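Content type PDB, C-alpha atoms, pLDDT in the B column, from the file my_file.pdb:
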```pdb
MODEL        1
ATOM      1  CA  MET N   1       0.000   0.000   0.000  1.00 39.00           C
ATOM      2  CA  GLN N   2       3.018   2.185   0.281  1.00 44.00           C
ATOM      3  CA  ALA N   3       3.509   4.779  -2.385  1.00 45.00           C
ATOM      4  CA  SER N   4       6.400   4.542  -4.767  1.00 42.00           C
ATOM      5  CA  GLU N   5       8.937   7.327  -5.063  1.00 43.00           C
ATOM      6  CA  ASP N   6       6.572   9.328  -7.272  1.00 42.00           C
ATOM      7  CA  ASN N   7       3.913   9.045  -4.523  1.00 53.00           C
ATOM      8  CA  LYS N   8       1.648   6.560  -6.292  1.00 68.00           C
ATOM      9  CA  ILE N   9      -0.037   3.661  -4.567  1.00 71.00           C
ATOM     10  CA  ASP N  10       0.831   0.185  -5.832  1.00 69.00           C
ATOM     11  CA  THR N  11      -2.729  -0.585  -6.950  1.00 68.00           C
ATOM     12  CA  ASN N  12      -1.868  -4.187  -7.872  1.00 64.00           C
ATOM     13  CA  LEU N  13      -0.565  -4.972  -4.396  1.00 67.00           C
ATOM     14  CA  TYR N  14      -3.299  -3.103  -2.550  1.00 70.00           C
ATOM     15  CA  SER N  15      -6.302  -3.637  -4.842  1.00 64.00           C
ATOM     16  CA  ARG N  16      -8.375  -5.395  -2.164  1.00 65.00           C
ATOM     17  CA  GLN N  17      -7.650  -2.735   0.409  1.00 68.00           C
ATOM     18  CA  ILE N  18      -8.429   0.054  -2.032  1.00 65.00           C
ATOM     19  CA  GLY N  19     -11.730  -1.689  -2.743  1.00 64.00           C
ATOM     20  CA  THR N  20     -12.459  -1.912   0.964  1.00 69.00           C
ATOM     21  CA  PHE N  21     -11.093   1.400   2.256  1.00 69.00           C
ATOM     22  CA  GLY N  22     -11.243   3.566  -0.842  1.00 70.00           C
ATOM     23  CA  MET N  23      -8.422   5.505  -2.455  1.00 69.00           C
ATOM     24  CA  GLU N  24      -8.666   8.497  -0.087  1.00 72.00           C
ATOM     25  CA  THR N  25      -8.159   6.340   2.999  1.00 69.00           C
ATOM     26  CA  MET N  26      -5.348   4.409   1.335  1.00 68.00           C
ATOM     27  CA  SER N  27      -3.635   7.696   0.489  1.00 68.00           C
ATOM     28  CA  LYS N  28      -3.748   8.647   4.170  1.00 76.00           C
ATOM     29  CA  LEU N  29      -2.595   5.217   5.288  1.00 78.00           C
ATOM     30  CA  ILE N  30       0.547   5.225   3.137  1.00 81.00           C
ATOM     31  CA  ASN N  31       1.700   8.382   4.904  1.00 88.00           C
ATOM     32  CA  MET N  32       0.956   7.152   8.434  1.00 94.00           C
ATOM     33  CA  LYS N  33       3.713   6.613  11.014  1.00 97.00           C
ATOM     34  CA  VAL N  34       2.786   4.160  13.766  1.00 98.00           C
ATOM     35  CA  LEU N  35       4.393   3.102  17.041  1.00 98.00           C
ATOM     36  CA  ILE N  36       3.570  -0.321  18.488  1.00 98.00           C
ATOM     37  CA  VAL N  37       4.477  -0.696  22.174  1.00 97.00           C
ATOM     38  CA  GLY N  38       4.689  -4.330  23.266  1.00 97.00           C
ATOM     39  CA  LEU N  39       5.529  -7.328  21.070  1.00 96.00           C
ATOM     40  CA  ARG N  40       3.901 -10.249  22.824  1.00 95.00           C
ATOM     41  CA  GLY N  41       0.943 -11.977  21.158  1.00 94.00           C
ATOM     42  CA  LEU N  42      -1.393  -9.009  20.669  1.00 96.00           C
ATOM     43  CA  GLY N  43       1.390  -6.587  19.766  1.00 97.00           C
ATOM     44  CA  VAL N  44       3.014  -8.780  17.120  1.00 97.00           C
ATOM     45  CA  GLU N  45      -0.365  -9.617  15.574  1.00 97.00           C
ATOM     46  CA  THR N  46      -1.242  -5.906  15.461  1.00 97.00           C
ATOM     47  CA  ALA N  47       2.136  -5.092  13.906  1.00 97.00           C
ATOM     48  CA  LYS N  48       1.782  -7.882  11.311  1.00 97.00           C
ATOM     49  CA  ASN N  49      -1.688  -6.824  10.200  1.00 92.00           C
ATOM     50  CA  LEU N  50      -0.757  -3.161  10.111  1.00 94.00           C
ATOM     51  CA  ILE N  51       2.416  -3.759   8.094  1.00 95.00           C
ATOM     52  CA  LEU N  52       0.434  -5.802   5.581  1.00 90.00           C
ATOM     53  CA  ALA N  53      -1.984  -2.858   5.249  1.00 88.00           C
ATOM     54  CA  GLY N  54       0.953  -0.614   4.282  1.00 87.00           C
ATOM     55  CA  PRO N  55       1.519   2.501   6.376  1.00 92.00           C
ATOM     56  CA  HIS N  56       4.644   4.589   5.743  1.00 93.00           C
ATOM     57  CA  SER N  57       6.403   3.217   8.817  1.00 97.00           C
ATOM     58  CA  VAL N  58       5.934   1.061  11.886  1.00 98.00           C
ATOM     59  CA  ALA N  59       8.232   1.493  14.878  1.00 98.00           C
ATOM     60  CA  LEU N  60       8.468  -1.324  17.408  1.00 98.00           C
ATOM     61  CA  TYR N  61       9.160  -0.811  21.109  1.00 98.00           C
ATOM     62  CA  ASP N  62       9.592  -3.707  23.496  1.00 97.00           C
ATOM     63  CA  PRO N  63      12.771  -3.662  25.566  1.00 96.00           C
ATOM     64  CA  ASN N  64      12.126  -6.943  27.364  1.00 95.00           C
ATOM     65  CA  PRO N  65      14.392  -9.860  26.512  1.00 97.00           C
ATOM     66  CA  VAL N  66      12.697 -12.837  24.922  1.00 97.00           C
ATOM     67  CA  ARG N  67      11.618 -15.403  27.534  1.00 96.00           C
ATOM     68  CA  VAL N  68      10.673 -19.030  27.008  1.00 96.00           C
ATOM     69  CA  GLU N  69       7.046 -18.122  27.801  1.00 95.00           C
ATOM     70  CA  ASP N  70       7.035 -15.678  24.869  1.00 94.00           C
ATOM     71  CA  LEU N  71       7.610 -18.452  22.323  1.00 95.00           C
ATOM     72  CA  GLY N  72       3.967 -19.511  22.556  1.00 93.00           C
ATOM     73  CA  SER N  73       2.501 -16.088  21.815  1.00 93.00           C
ATOM     74  CA  ASN N  74       4.855 -14.362  19.351  1.00 94.00           C
ATOM     75  CA  PHE N  75       5.232 -16.560  16.262  1.00 92.00           C
ATOM     76  CA  TYR N  76       8.465 -14.825  15.189  1.00 95.00           C
ATOM     77  CA  LEU N  77      10.393 -15.698  18.330  1.00 95.00           C
ATOM     78  CA  ARG N  78      12.735 -18.693  18.370  1.00 95.00           C
ATOM     79  CA  ASP N  79      14.664 -20.645  21.008  1.00 95.00           C
ATOM     80  CA  GLU N  80      17.873 -18.919  19.953  1.00 96.00           C
ATOM     81  CA  HIS N  81      16.372 -15.519  20.888  1.00 96.00           C
ATOM     82  CA  VAL N  82      15.697 -16.460  24.526  1.00 96.00           C
ATOM     83  CA  GLY N  83      17.660 -14.230  26.875  1.00 95.00           C
ATOM     84  CA  LYS N  84      19.741 -12.747  24.040  1.00 97.00           C
ATOM     85  CA  VAL N  85      17.652 -10.066  22.323  1.00 97.00           C
ATOM     86  CA  SER N  86      14.520  -8.057  22.989  1.00 97.00           C
ATOM     87  CA  ARG N  87      11.145  -9.132  21.647  1.00 97.00           C
ATOM     88  CA  ALA N  88      11.216  -6.130  19.303  1.00 97.00           C
ATOM     89  CA  GLN N  89      14.672  -6.979  17.954  1.00 97.00           C
ATOM     90  CA  ALA N  90      13.780 -10.649  17.493  1.00 97.00           C
ATOM     91  CA  SER N  91      10.574  -9.789  15.594  1.00 97.00           C
ATOM     92  CA  HIS N  92      11.965  -6.984  13.442  1.00 98.00           C
ATOM     93  CA  ALA N  93      13.435  -8.841  10.443  1.00 96.00           C
ATOM     94  CA  GLN N  94      10.428 -11.056   9.811  1.00 96.00           C
ATOM     95  CA  LEU N  95       7.989  -8.185  10.229  1.00 98.00           C
ATOM     96  CA  GLN N  96      10.021  -6.146   7.728  1.00 97.00           C
ATOM     97  CA  GLU N  97       9.837  -8.998   5.208  1.00 97.00           C
ATOM     98  CA  LEU N  98       6.037  -8.778   5.155  1.00 95.00           C
ATOM     99  CA  ASN N  99       5.947  -5.571   3.124  1.00 93.00           C
ATOM    100  CA  SER N 100       8.936  -3.936   1.460  1.00 91.00           C
ATOM    101  CA  TYR N 101       7.002  -0.667   1.108  1.00 90.00           C
ATOM    102  CA  VAL N 102       6.800  -0.224   4.889  1.00 94.00           C
ATOM    103  CA  LYS N 103       9.799   0.920   6.915  1.00 97.00           C
ATOM    104  CA  VAL N 104       9.892  -1.205  10.073  1.00 98.00           C
ATOM    105  CA  SER N 105      12.269  -0.144  12.821  1.00 98.00           C
ATOM    106  CA  VAL N 106      13.049  -0.856  16.465  1.00 98.00           C
ATOM    107  CA  VAL N 107      13.155   2.143  18.797  1.00 98.00           C
ATOM    108  CA  ASP N 108      14.966   2.317  22.121  1.00 95.00           C
ATOM    109  CA  SER N 109      12.339   4.247  24.065  1.00 94.00           C
ATOM    110  CA  ALA N 110       8.754   5.426  24.051  1.00 94.00           C
ATOM    111  CA  LYS N 111       9.010   8.562  26.162  1.00 95.00           C
ATOM    112  CA  VAL N 112       5.942  10.758  26.070  1.00 96.00           C
ATOM    113  CA  GLU N 113       7.652  13.630  24.229  1.00 95.00           C
ATOM    114  CA  GLU N 114       8.861  11.185  21.546  1.00 97.00           C
ATOM    115  CA  LEU N 115       5.284  10.223  20.648  1.00 98.00           C
ATOM    116  CA  ALA N 116       4.947  13.438  18.620  1.00 97.00           C
ATOM    117  CA  ALA N 117       6.831  11.687  15.797  1.00 97.00           C
ATOM    118  CA  TYR N 118       3.863   9.374  15.147  1.00 98.00           C
ATOM    119  CA  ASN N 119       0.341   9.635  13.785  1.00 97.00           C
ATOM    120  CA  VAL N 120      -0.857   6.632  15.797  1.00 97.00           C
ATOM    121  CA  VAL N 121       0.470   5.076  19.003  1.00 98.00           C
ATOM    122  CA  CYS N 122      -0.684   1.593  20.006  1.00 97.00           C
ATOM    123  CA  TYR N 123       0.087   0.288  23.494  1.00 97.00           C
ATOM    124  CA  THR N 124      -0.466  -3.433  23.930  1.00 96.00           C
ATOM    125  CA  GLU N 125       1.729  -3.477  26.998  1.00 94.00           C
ATOM    126  CA  ASN N 126       2.912  -0.870  29.485  1.00 90.00           C
ATOM    127  CA  PHE N 127       6.566  -0.927  30.551  1.00 89.00           C
ATOM    128  CA  ASP N 128       6.791   2.387  32.396  1.00 89.00           C
ATOM    129  CA  GLY N 129       3.874   2.335  34.841  1.00 92.00           C
ATOM    130  CA  PHE N 130       0.292   3.512  34.823  1.00 95.00           C
ATOM    131  CA  ASP N 131       1.240   7.201  35.194  1.00 96.00           C
ATOM    132  CA  HIS N 132       3.259   6.969  31.968  1.00 95.00           C
ATOM    133  CA  LEU N 133       0.276   5.465  30.176  1.00 95.00           C
ATOM    134  CA  LEU N 134      -1.996   8.280  31.416  1.00 96.00           C
ATOM    135  CA  ALA N 135       0.560  10.904  30.361  1.00 97.00           C
ATOM    136  CA  ALA N 136       0.965   9.286  26.925  1.00 97.00           C
ATOM    137  CA  ASN N 137      -2.806   9.243  26.453  1.00 97.00           C
ATOM    138  CA  ALA N 138      -3.133  12.912  27.453  1.00 98.00           C
ATOM    139  CA  PHE N 139      -0.218  13.929  25.224  1.00 98.00           C
ATOM    140  CA  CYS N 140      -1.595  12.062  22.213  1.00 98.00           C
ATOM    141  CA  HIS N 141      -5.079  13.468  22.776  1.00 97.00           C
ATOM    142  CA  GLU N 142      -3.683  17.016  22.981  1.00 97.00           C
ATOM    143  CA  LYS N 143      -1.586  16.565  19.813  1.00 97.00           C
ATOM    144  CA  LYS N 144      -4.369  14.760  17.914  1.00 97.00           C
ATOM    145  CA  ILE N 145      -2.339  11.560  17.678  1.00 97.00           C
ATOM    146  CA  GLY N 146      -4.366   8.356  17.522  1.00 96.00           C
ATOM    147  CA  PHE N 147      -3.998   6.442  20.778  1.00 96.00           C
TER     148      PHE N 147
ENDMDL
END
```
This entry written out as structure tokens:
Amino acid sequence: MQASEDNKIDTNLYSRQIGTFGMETMSKLINMKVLIVGLRGLGVETAKNLILAGPHSVALYDPNPVRVEDLGSNFYLRDEHVGKVSRAQASHAQLQELNSYVKVSVVDSAKVEELAAYNVVCYTENFDGFDHLLAANAFCHEKKIGF
């Protein structure tokens, strides 16, 4: 769904989505920058589906190292990841492979002031406490960022 360098939507790749969403919505989607916080089951599924839809970029934030328990909920995690890399780092390469038009990256933090870089912020997990979540919600609401 991502636009090519001349800002056109790949209508062959995204024909079903264009039929469902319409061209105006697809044009907005290809410019969208999204942050996904948390890469356990719900977070990785959200990231996968979003990347397939084709926003401009998807940033992943999950600083927790992969644990054995994570292998049953995040289908991109492997035994060799356990205790060695974060869930975001372990998921990154395979998520990027889903759609070459979407820039997928891993970010090191999700501080409230950093949320201004995104159009949509999706928390599936909270790493910094309930007060952080409330502050992020208020910040996004004030800046008209989807939360």
Item to check | Explicit residue set for the PyMOL selection byres ((chain N and resi 40) around 7), as a ChimeraX atom specification | outcome: /N:38-39,41-44,70,73-74
Item to check | Residues near N:Ala90, cut-off 12 Å, all atoms listed in the file, skip fewer than 6 positions along chain, as a ChimeraX atom specification | outcome: /N:39-40,44,60-67,70-71,74-84,96,105-106
Checklist entry - Looking at N:Ala47, N:Val121, N:Ala88, N:Val112, which one is nearest to N:Phe139, with distances taken over all atoms listed in the file? => result N:Val112
Expected answer as a CSV table (one decimal) with C-alpha atoms, keeping the file's coordinate frame: all residues with atoms within 7 Å of (6.5, -7.6, 7.5), only C-alpha atoms:
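Output saved as out-v8.csv:
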```
chain,number,residue,atom,x,y,z
N,48,LYS,CA,1.8,-7.9,11.3
N,51,ILE,CA,2.4,-3.8,8.1
N,52,LEU,CA,0.4,-5.8,5.6
N,94,GLN,CA,10.4,-11.1,9.8
N,95,LEU,CA,8.0,-8.2,10.2
N,96,GLN,CA,10.0,-6.1,7.7
N,97,GLU,CA,9.8,-9.0,5.2
N,98,LEU,CA,6.0,-8.8,5.2
N,99,ASN,CA,5.9,-5.6,3.1
```
Next on the checklist: Within 8 Å of (6.5, 3.3, 5.3) (file coordinates; all atoms listed in the file), which protein or nucleic acid residues are there? I'd like them as an MDAnalysis selection string.
Outcome noted: chainID N and resid 2 30:33 54:58 101:104
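Of the residues listed (N:Ala53, N:Ala117, N:Leu133, N:Ile145), N:Ala53 shows the shortest atom-to-atom separation from N:Ser100; distances use only C-alpha atoms.
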Next on the checklist: I'd like the neighbourhood of N:Cys122 as a ChimeraX atom specification, where a residue qualifies if any of its atoms comes within 7 Å (using all atoms listed in the file), though same-chain residues fewer than 6 positions away should be ignored.
Outcome noted: /N:35-37,147
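Atom CA of N:Ala116 is positioned 24.1 Å from atom CA of N:Ser91.
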Checklist entry - Looking at only C-alpha atoms, which of N:Ala93, N:Leu115, N:Ala138, N:Ala59 is the one that sits closest to N:Val34? => result N:Ala59
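The spacing separating atom CA of N:Leu50 from atom CA of N:Leu29 amounts to 9.8 Å.
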Checklist outcome for this item: Between atom CA of N:Val85 and atom CA of N:Phe130 lies a distance of 25.3 Å
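Considering the residues N:Ala136, N:Lys144, N:Val68, N:His92 and counting all atoms listed in the file, N:Ala110 has its shortest atom-to-atom contact with N:Ala136.
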